[in-house]
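Listing of work34.txt, compact mmCIF, C-alpha atoms
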```
# COMPACT_ATOMS: atom_id res chain seq x y z
CA MET Q 1 106.12 101.38 88.49
CA ARG Q 2 104.52 98.51 90.45
CA VAL Q 3 106.84 96.21 92.40
CA ILE Q 4 105.88 93.06 94.29
CA LEU Q 5 108.04 91.35 96.91
CA HIS Q 6 106.91 87.91 98.11
CA ASP Q 7 108.17 84.92 100.08
CA PHE Q 8 106.40 82.21 98.09
CA GLU Q 9 108.39 79.70 96.05
CA GLU Q 10 109.97 80.99 92.84
CA GLN Q 11 107.38 79.27 90.61
CA TYR Q 12 104.84 81.82 91.91
CA ASN Q 13 106.67 84.46 89.84
CA ASP Q 14 105.15 83.06 86.64
CA SER Q 15 101.62 84.00 87.72
CA LEU Q 16 102.79 87.54 88.58
CA GLN Q 17 104.77 88.33 85.43
CA GLY Q 18 103.05 90.93 83.30
CA LYS Q 19 100.98 92.27 86.21
CA TYR Q 20 103.95 94.00 87.85
CA ASP Q 21 107.01 95.85 86.57
CA ALA Q 22 109.30 93.95 88.94
CA VAL Q 23 108.76 90.70 90.84
CA ILE Q 24 111.16 89.98 93.70
CA CYS Q 25 111.13 86.50 95.21
CA ALA Q 26 112.53 86.40 98.74
CA ASP Q 27 113.79 82.86 98.32
CA GLY Q 28 116.93 83.15 100.46
CA LYS Q 29 119.26 82.63 97.48
CA TYR Q 30 121.27 85.74 98.32
CA ALA Q 31 123.56 87.01 101.04
CA HIS Q 32 122.49 88.82 104.18
CA CYS Q 33 123.27 92.52 104.64
CA GLN Q 34 126.82 92.92 105.93
CA GLY Q 35 126.12 96.28 107.58
CA CYS Q 36 129.02 97.96 105.77
CA PHE Q 37 126.91 100.98 104.72
CA GLY Q 38 128.68 101.01 101.35
CA CYS Q 39 125.27 101.43 99.69
CA TRP Q 40 124.97 104.68 101.65
CA THR Q 41 128.42 106.13 101.13
CA LYS Q 42 130.73 104.42 98.62
CA MET Q 43 128.32 103.22 95.94
CA PRO Q 44 124.98 104.96 96.59
CA ALA Q 45 122.00 102.59 96.30
CA THR Q 46 124.21 99.74 95.03
CA CYS Q 47 125.21 96.84 97.26
CA PHE Q 48 128.76 95.55 96.93
CA ILE Q 49 127.51 91.95 97.21
CA GLN Q 50 127.28 90.51 93.71
CA ASP Q 51 123.94 88.72 93.81
CA LYS Q 52 120.37 89.31 92.68
CA LEU Q 53 119.76 91.94 95.39
CA LYS Q 54 122.64 94.17 94.29
CA GLU Q 55 120.19 96.73 92.84
CA ILE Q 56 117.29 96.18 95.27
CA SER Q 57 117.43 99.77 96.57
CA ARG Q 58 117.01 101.13 93.04
CA THR Q 59 114.18 98.71 92.27
CA ILE Q 60 112.20 99.60 95.39
CA GLY Q 61 113.24 103.26 95.15
CA ASN Q 62 111.70 103.58 91.69
CA ALA Q 63 108.42 101.93 92.73
CA ASP Q 64 105.28 104.03 92.84
CA GLU Q 65 103.57 101.07 94.48
CA LEU Q 66 105.26 98.37 96.55
CA ILE Q 67 103.32 95.23 97.48
CA ILE Q 68 104.85 92.97 100.13
CA ILE Q 69 103.46 89.48 100.62
CA THR Q 70 104.81 87.73 103.71
CA GLU Q 71 104.09 84.91 106.04
CA ASN Q 72 103.09 86.18 109.48
CA CYS Q 73 105.93 85.59 111.93
CA TYR Q 74 104.63 86.78 115.30
CA GLY Q 75 103.26 90.01 113.84
CA ALA Q 76 106.28 90.71 111.65
CA TYR Q 77 107.77 89.94 108.25
CA SER Q 78 109.16 86.50 107.48
CA PRO Q 79 112.97 86.29 107.82
CA ALA Q 80 113.33 86.12 104.02
CA ILE Q 81 111.33 89.34 103.50
CA LYS Q 82 113.16 91.07 106.36
CA ASN Q 83 116.49 90.19 104.74
CA VAL Q 84 115.45 91.79 101.44
CA LEU Q 85 114.28 94.93 103.25
CA ASP Q 86 117.57 95.06 105.19
CA ARG Q 87 119.46 95.01 101.89
CA SER Q 88 117.42 98.00 100.66
CA ILE Q 89 118.86 100.49 103.17
CA GLY Q 90 120.26 102.41 100.21
CA LEU Q 91 116.74 103.81 99.65
CA SER Q 92 117.82 106.60 101.98
CA THR Q 93 121.00 108.54 102.62
CA PRO Q 94 122.99 108.85 105.85
CA LEU Q 95 121.75 112.44 106.17
CA SER Q 96 118.72 113.21 108.35
CA THR Q 97 115.70 115.45 108.00
CA TYR Q 98 112.36 116.04 109.66
CA ARG Q 99 109.34 114.33 108.13
CA GLY Q 100 106.07 114.45 110.01
CA LYS Q 101 107.70 116.16 113.01
CA GLN Q 102 110.08 113.21 113.37
CA MET Q 103 113.71 112.72 112.43
CA HIS Q 104 114.23 110.33 109.49
CA HIS Q 105 116.94 109.67 106.94
CA THR Q 106 116.73 111.74 103.77
CA LEU Q 107 115.08 109.86 100.92
CA ARG Q 108 117.28 109.11 97.93
CA TYR Q 109 114.36 108.60 95.52
CA GLY Q 110 111.67 110.95 96.83
CA LYS Q 111 108.06 110.13 97.60
CA HIS Q 112 106.05 107.14 96.41
CA ALA Q 113 102.31 106.45 96.42
CA LEU Q 114 101.37 103.18 98.13
CA LEU Q 115 102.87 100.46 100.32
CA SER Q 116 100.57 97.43 100.64
CA VAL Q 117 101.49 94.65 103.06
CA PHE Q 118 99.69 91.31 102.91
CA ALA Q 119 100.36 88.84 105.75
CA TYR Q 120 99.10 85.29 105.34
CA GLY Q 121 98.62 82.49 107.85
CA ASP Q 122 97.26 82.49 111.36
CA ILE Q 123 97.30 86.00 112.75
CA THR Q 124 95.93 87.22 116.06
CA GLU Q 125 94.32 90.63 116.53
CA ARG Q 126 97.40 91.81 118.43
CA GLU Q 127 99.73 90.62 115.66
CA ALA Q 128 97.56 92.42 113.10
CA GLN Q 129 97.86 95.64 115.11
CA THR Q 130 101.65 95.24 115.27
CA PHE Q 131 101.81 94.57 111.54
CA ALA Q 132 99.68 97.61 110.70
CA LEU Q 133 101.90 99.84 112.84
CA MET Q 134 105.03 98.39 111.23
CA ALA Q 135 103.61 98.98 107.73
CA ASP Q 136 102.89 102.61 108.65
CA ARG Q 137 106.42 103.10 110.00
CA ASN Q 138 107.98 101.40 106.97
CA ALA Q 139 105.95 103.68 104.68
CA ILE Q 140 107.45 106.73 106.38
CA ASN Q 141 111.00 105.35 106.25
CA PHE Q 142 110.72 104.19 102.63
CA GLY Q 143 108.95 107.38 101.47
CA PHE Q 144 105.47 106.00 100.74
CA GLU Q 145 102.56 108.39 101.29
CA THR Q 146 100.09 105.65 102.26
CA ALA Q 147 100.38 102.23 103.89
CA VAL Q 148 97.69 99.56 103.89
CA PHE Q 149 97.84 96.28 105.81
CA HIS Q 150 95.78 93.25 104.79
CA PRO Q 151 95.70 90.09 106.94
CA VAL Q 152 94.72 87.10 104.79
CA LYS Q 153 94.06 83.51 105.82
CA SER Q 154 95.28 81.70 102.73
CA ARG Q 155 96.90 81.99 99.32
CA LYS Q 156 93.53 81.60 97.65
CA GLU Q 157 92.18 84.61 99.49
CA LEU Q 158 95.34 86.53 98.63
CA GLU Q 159 95.08 85.73 94.94
CA THR Q 160 91.54 87.15 94.83
CA LEU Q 161 92.85 90.42 96.32
CA LEU Q 162 95.75 90.86 93.90
```
Kindly present the structure from the file in structure tokens form.
Amino acid sequence: MRVILHDFEEQYNDSLQGKYDAVICADGKYAHCQGCFGCWTKMPATCFIQDKLKEISRTIGNADELIIITENCYGAYSPAIKNVLDRSIGLSTPLSTYRGKQMHHTLRYGKHALLSVFAYGDITEREAQTFALMADRNAINFGFETAVFHPVKSRKELETLL
């Protein structure tokens, strides 16, 4: 299953439909994570907040490939993308295990193939290094075997890569 998460306006979804199994628009029309950990303990992988991100952990957890498109914000995800990723904490369980000689939460959905992160806008070399490191760390935490980071200057360049 191929899933794409982007922070463009919702109309962008139309050009992505059919190419991906799930298209998630980080448009801010949802609540922020409340930090209750209910998606870990009470209702595994299901958020108690009744909005379009209620099942985000299941959607991302079932992805073989996750593509994240985000505006560069000082070498990190845009606030809208970060909010969606915060709401997907149910991808893992509260239990811990060793993966790659490091302690991480146990994966609820097992391993996935590829995490691709595309950051658009002005990006310095240092920000690109930070982003690449963050993509690698997110791949470990989310259970992806490989992470790839792509800095892009514009939407046009991005559209040629997708």
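Residue nearest Q:Gly90 within the list Q:Lys42, Q:His32, Q:Lys52, Q:His150: Q:Lys42 [criterion: smallest interatomic distance, only C-alpha atoms].
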Exercise for the section: Would you please work out which residue, of Q:Arg108, Q:Pro151, Q:Leu161, Q:Asp136, is nearest to Q:Thr41 when using all atoms listed in the file? Expected result: Q:Arg108
Practice task
Can you work out which one of Q:Lys153, Q:Leu5, Q:Ala119, Q:Ile140 has the shortest atom-to-atom distance to Q:Tyr20, counting only C-alpha atoms?
Solution key: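 Among Q:Lys153, Q:Leu5, Q:Ala119, Q:Ile140, it is Q:Leu5 that comes nearest to Q:Tyr20.
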Problem - Neighbour residues at most 12 Å from (128.7, 91.8, 96.7) (only C-alpha atoms) as a list in words - result: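 Returned residue set, sorted by chain then number, is Tyr30, Ala31, His32, Cys33, Gln34, Cys36, Gly38, Cys39, Met43, Thr46, Cys47, Phe48, Ile49, Gln50, Asp51, Lys52, Leu53, Lys54, Glu55 and Arg87 of chain Q.
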Save the residues we just selected, C-alpha atoms, as a compact mmCIF listing (two decimals), keeping the file's coordinate frame?
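File out02.txt, as written:
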```txt
# COMPACT_ATOMS: atom_id res chain seq x y z
CA TYR Q 30 121.27 85.74 98.32
CA ALA Q 31 123.56 87.01 101.04
CA HIS Q 32 122.49 88.82 104.18
CA CYS Q 33 123.27 92.52 104.64
CA GLN Q 34 126.82 92.92 105.93
CA CYS Q 36 129.02 97.96 105.77
CA GLY Q 38 128.68 101.01 101.35
CA CYS Q 39 125.27 101.43 99.69
CA MET Q 43 128.32 103.22 95.94
CA THR Q 46 124.21 99.74 95.03
CA CYS Q 47 125.21 96.84 97.26
CA PHE Q 48 128.76 95.55 96.93
CA ILE Q 49 127.51 91.95 97.21
CA GLN Q 50 127.28 90.51 93.71
CA ASP Q 51 123.94 88.72 93.81
CA LYS Q 52 120.37 89.31 92.68
CA LEU Q 53 119.76 91.94 95.39
CA LYS Q 54 122.64 94.17 94.29
CA GLU Q 55 120.19 96.73 92.84
CA ARG Q 87 119.46 95.01 101.89
```
Exercise for the section: Tell me, as a list in words, which residues lie within 12 Å of Q:Lys19, counting only C-alpha atoms; anything in the same chain fewer than 2 positions away does not count. Expected result: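 Answer for this query is Met1, Arg2, Val3, Ile4, Asn13, Asp14, Ser15, Leu16, Gln17, Asp21, Ala22, Val23, Ile67 and Leu162 of chain Q.
Coordinates place atom CA of Q:Asn62 at a distance of 27.3 Å from atom CA of Q:Arg155.
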Handout entry: Residues near Q:Asp7, cut-off 12 Å, all atoms listed in the file, skip fewer than 4 positions along chain, as a VMD selection string
Key = chain Q and resid 11 to 13 23 to 29 67 to 72 77 to 84 118 to 120 155
Take the selection from the previous step and output its residues with C-alpha atoms, as a PDB file, in the frame of the given file.
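Result file follows (again.pdb):
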```
ATOM      1  CA  GLN Q  11     107.380  79.270  90.610  1.00  0.00           C
ATOM      2  CA  TYR Q  12     104.840  81.820  91.910  1.00  0.00           C
ATOM      3  CA  ASN Q  13     106.670  84.460  89.840  1.00  0.00           C
ATOM      4  CA  VAL Q  23     108.760  90.700  90.840  1.00  0.00           C
ATOM      5  CA  ILE Q  24     111.160  89.980  93.700  1.00  0.00           C
ATOM      6  CA  CYS Q  25     111.130  86.500  95.210  1.00  0.00           C
ATOM      7  CA  ALA Q  26     112.530  86.400  98.740  1.00  0.00           C
ATOM      8  CA  ASP Q  27     113.790  82.860  98.320  1.00  0.00           C
ATOM      9  CA  GLY Q  28     116.930  83.150 100.460  1.00  0.00           C
ATOM     10  CA  LYS Q  29     119.260  82.630  97.480  1.00  0.00           C
ATOM     11  CA  ILE Q  67     103.320  95.230  97.480  1.00  0.00           C
ATOM     12  CA  ILE Q  68     104.850  92.970 100.130  1.00  0.00           C
ATOM     13  CA  ILE Q  69     103.460  89.480 100.620  1.00  0.00           C
ATOM     14  CA  THR Q  70     104.810  87.730 103.710  1.00  0.00           C
ATOM     15  CA  GLU Q  71     104.090  84.910 106.040  1.00  0.00           C
ATOM     16  CA  ASN Q  72     103.090  86.180 109.480  1.00  0.00           C
ATOM     17  CA  TYR Q  77     107.770  89.940 108.250  1.00  0.00           C
ATOM     18  CA  SER Q  78     109.160  86.500 107.480  1.00  0.00           C
ATOM     19  CA  PRO Q  79     112.970  86.290 107.820  1.00  0.00           C
ATOM     20  CA  ALA Q  80     113.330  86.120 104.020  1.00  0.00           C
ATOM     21  CA  ILE Q  81     111.330  89.340 103.500  1.00  0.00           C
ATOM     22  CA  LYS Q  82     113.160  91.070 106.360  1.00  0.00           C
ATOM     23  CA  ASN Q  83     116.490  90.190 104.740  1.00  0.00           C
ATOM     24  CA  VAL Q  84     115.450  91.790 101.440  1.00  0.00           C
ATOM     25  CA  PHE Q 118      99.690  91.310 102.910  1.00  0.00           C
ATOM     26  CA  ALA Q 119     100.360  88.840 105.750  1.00  0.00           C
ATOM     27  CA  TYR Q 120      99.100  85.290 105.340  1.00  0.00           C
ATOM     28  CA  ARG Q 155      96.900  81.990  99.320  1.00  0.00           C
TER      29      ARG Q 155
END
```
Exercise for the section: Go through Q:Leu114, Q:Glu10, Q:Arg137, Q:Gly121 and flag the residue nearest Q:Glu157, using all atoms listed in the file for the distances. Expected result: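 Selected residue with least distance to Q:Glu157: Q:Gly121.
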Handout entry: Near-Q:Ala135 list (9 Å; only C-alpha atoms; drop same-chain fewer than 4 positions) as a list in words
Key =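 Contacts, with the query itself left out: Leu115, Ser116, Val117, Thr130, Phe131, Ala139, Ile140, Ala147, Val148 and Phe149 of chain Q.
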Exercise for the section: Quote the spacing between atom CA of Q:Phe142 and atom CA of Q:Gly35 in Å to one decimal place. Expected result: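 For atom CA of Q:Phe142 relative to atom CA of Q:Gly35, the distance reads 18.0 Å.
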Handout entry: Of the listed residues Q:Val152, Q:Leu66, Q:Ile89, Q:Cys73, that which approaches Q:Ala45 most closely, counting all atoms listed in the file
Key =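 That would be Q:Ile89, the residue with the smallest distance to Q:Ala45.
Take atom CA of Q:Gly61 and atom CA of Q:Thr146: the distance between them is 15.1 Å.
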Practice task
For Q:Leu107, work out the shell of residues within 7 Å, counting all atoms listed in the file and skipping chain neighbours fewer than 2 positions away, then give it as number ranges by chain.
Solution key: Q: 91-93, 105, 109-110, 143
Provide an axis-aligned box for all listed atoms of stretch 4-12 of chain Q, padding each side by 5 Å; report its centre and its edge lengths in Å to one decimal, as JSON.
```
{"center_x": 107.4, "center_y": 86.2, "center_z": 95.3, "size_x": 15.1, "size_y": 23.8, "size_z": 19.5}
```
Problem - Nearest residue to Q:Glu145 from the set Q:Thr160, Q:Lys101, Q:Asp64, Q:Leu95 (distances using only C-alpha atoms) - result: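 With only C-alpha atoms as the atom set, the closest residue is Q:Asp64.
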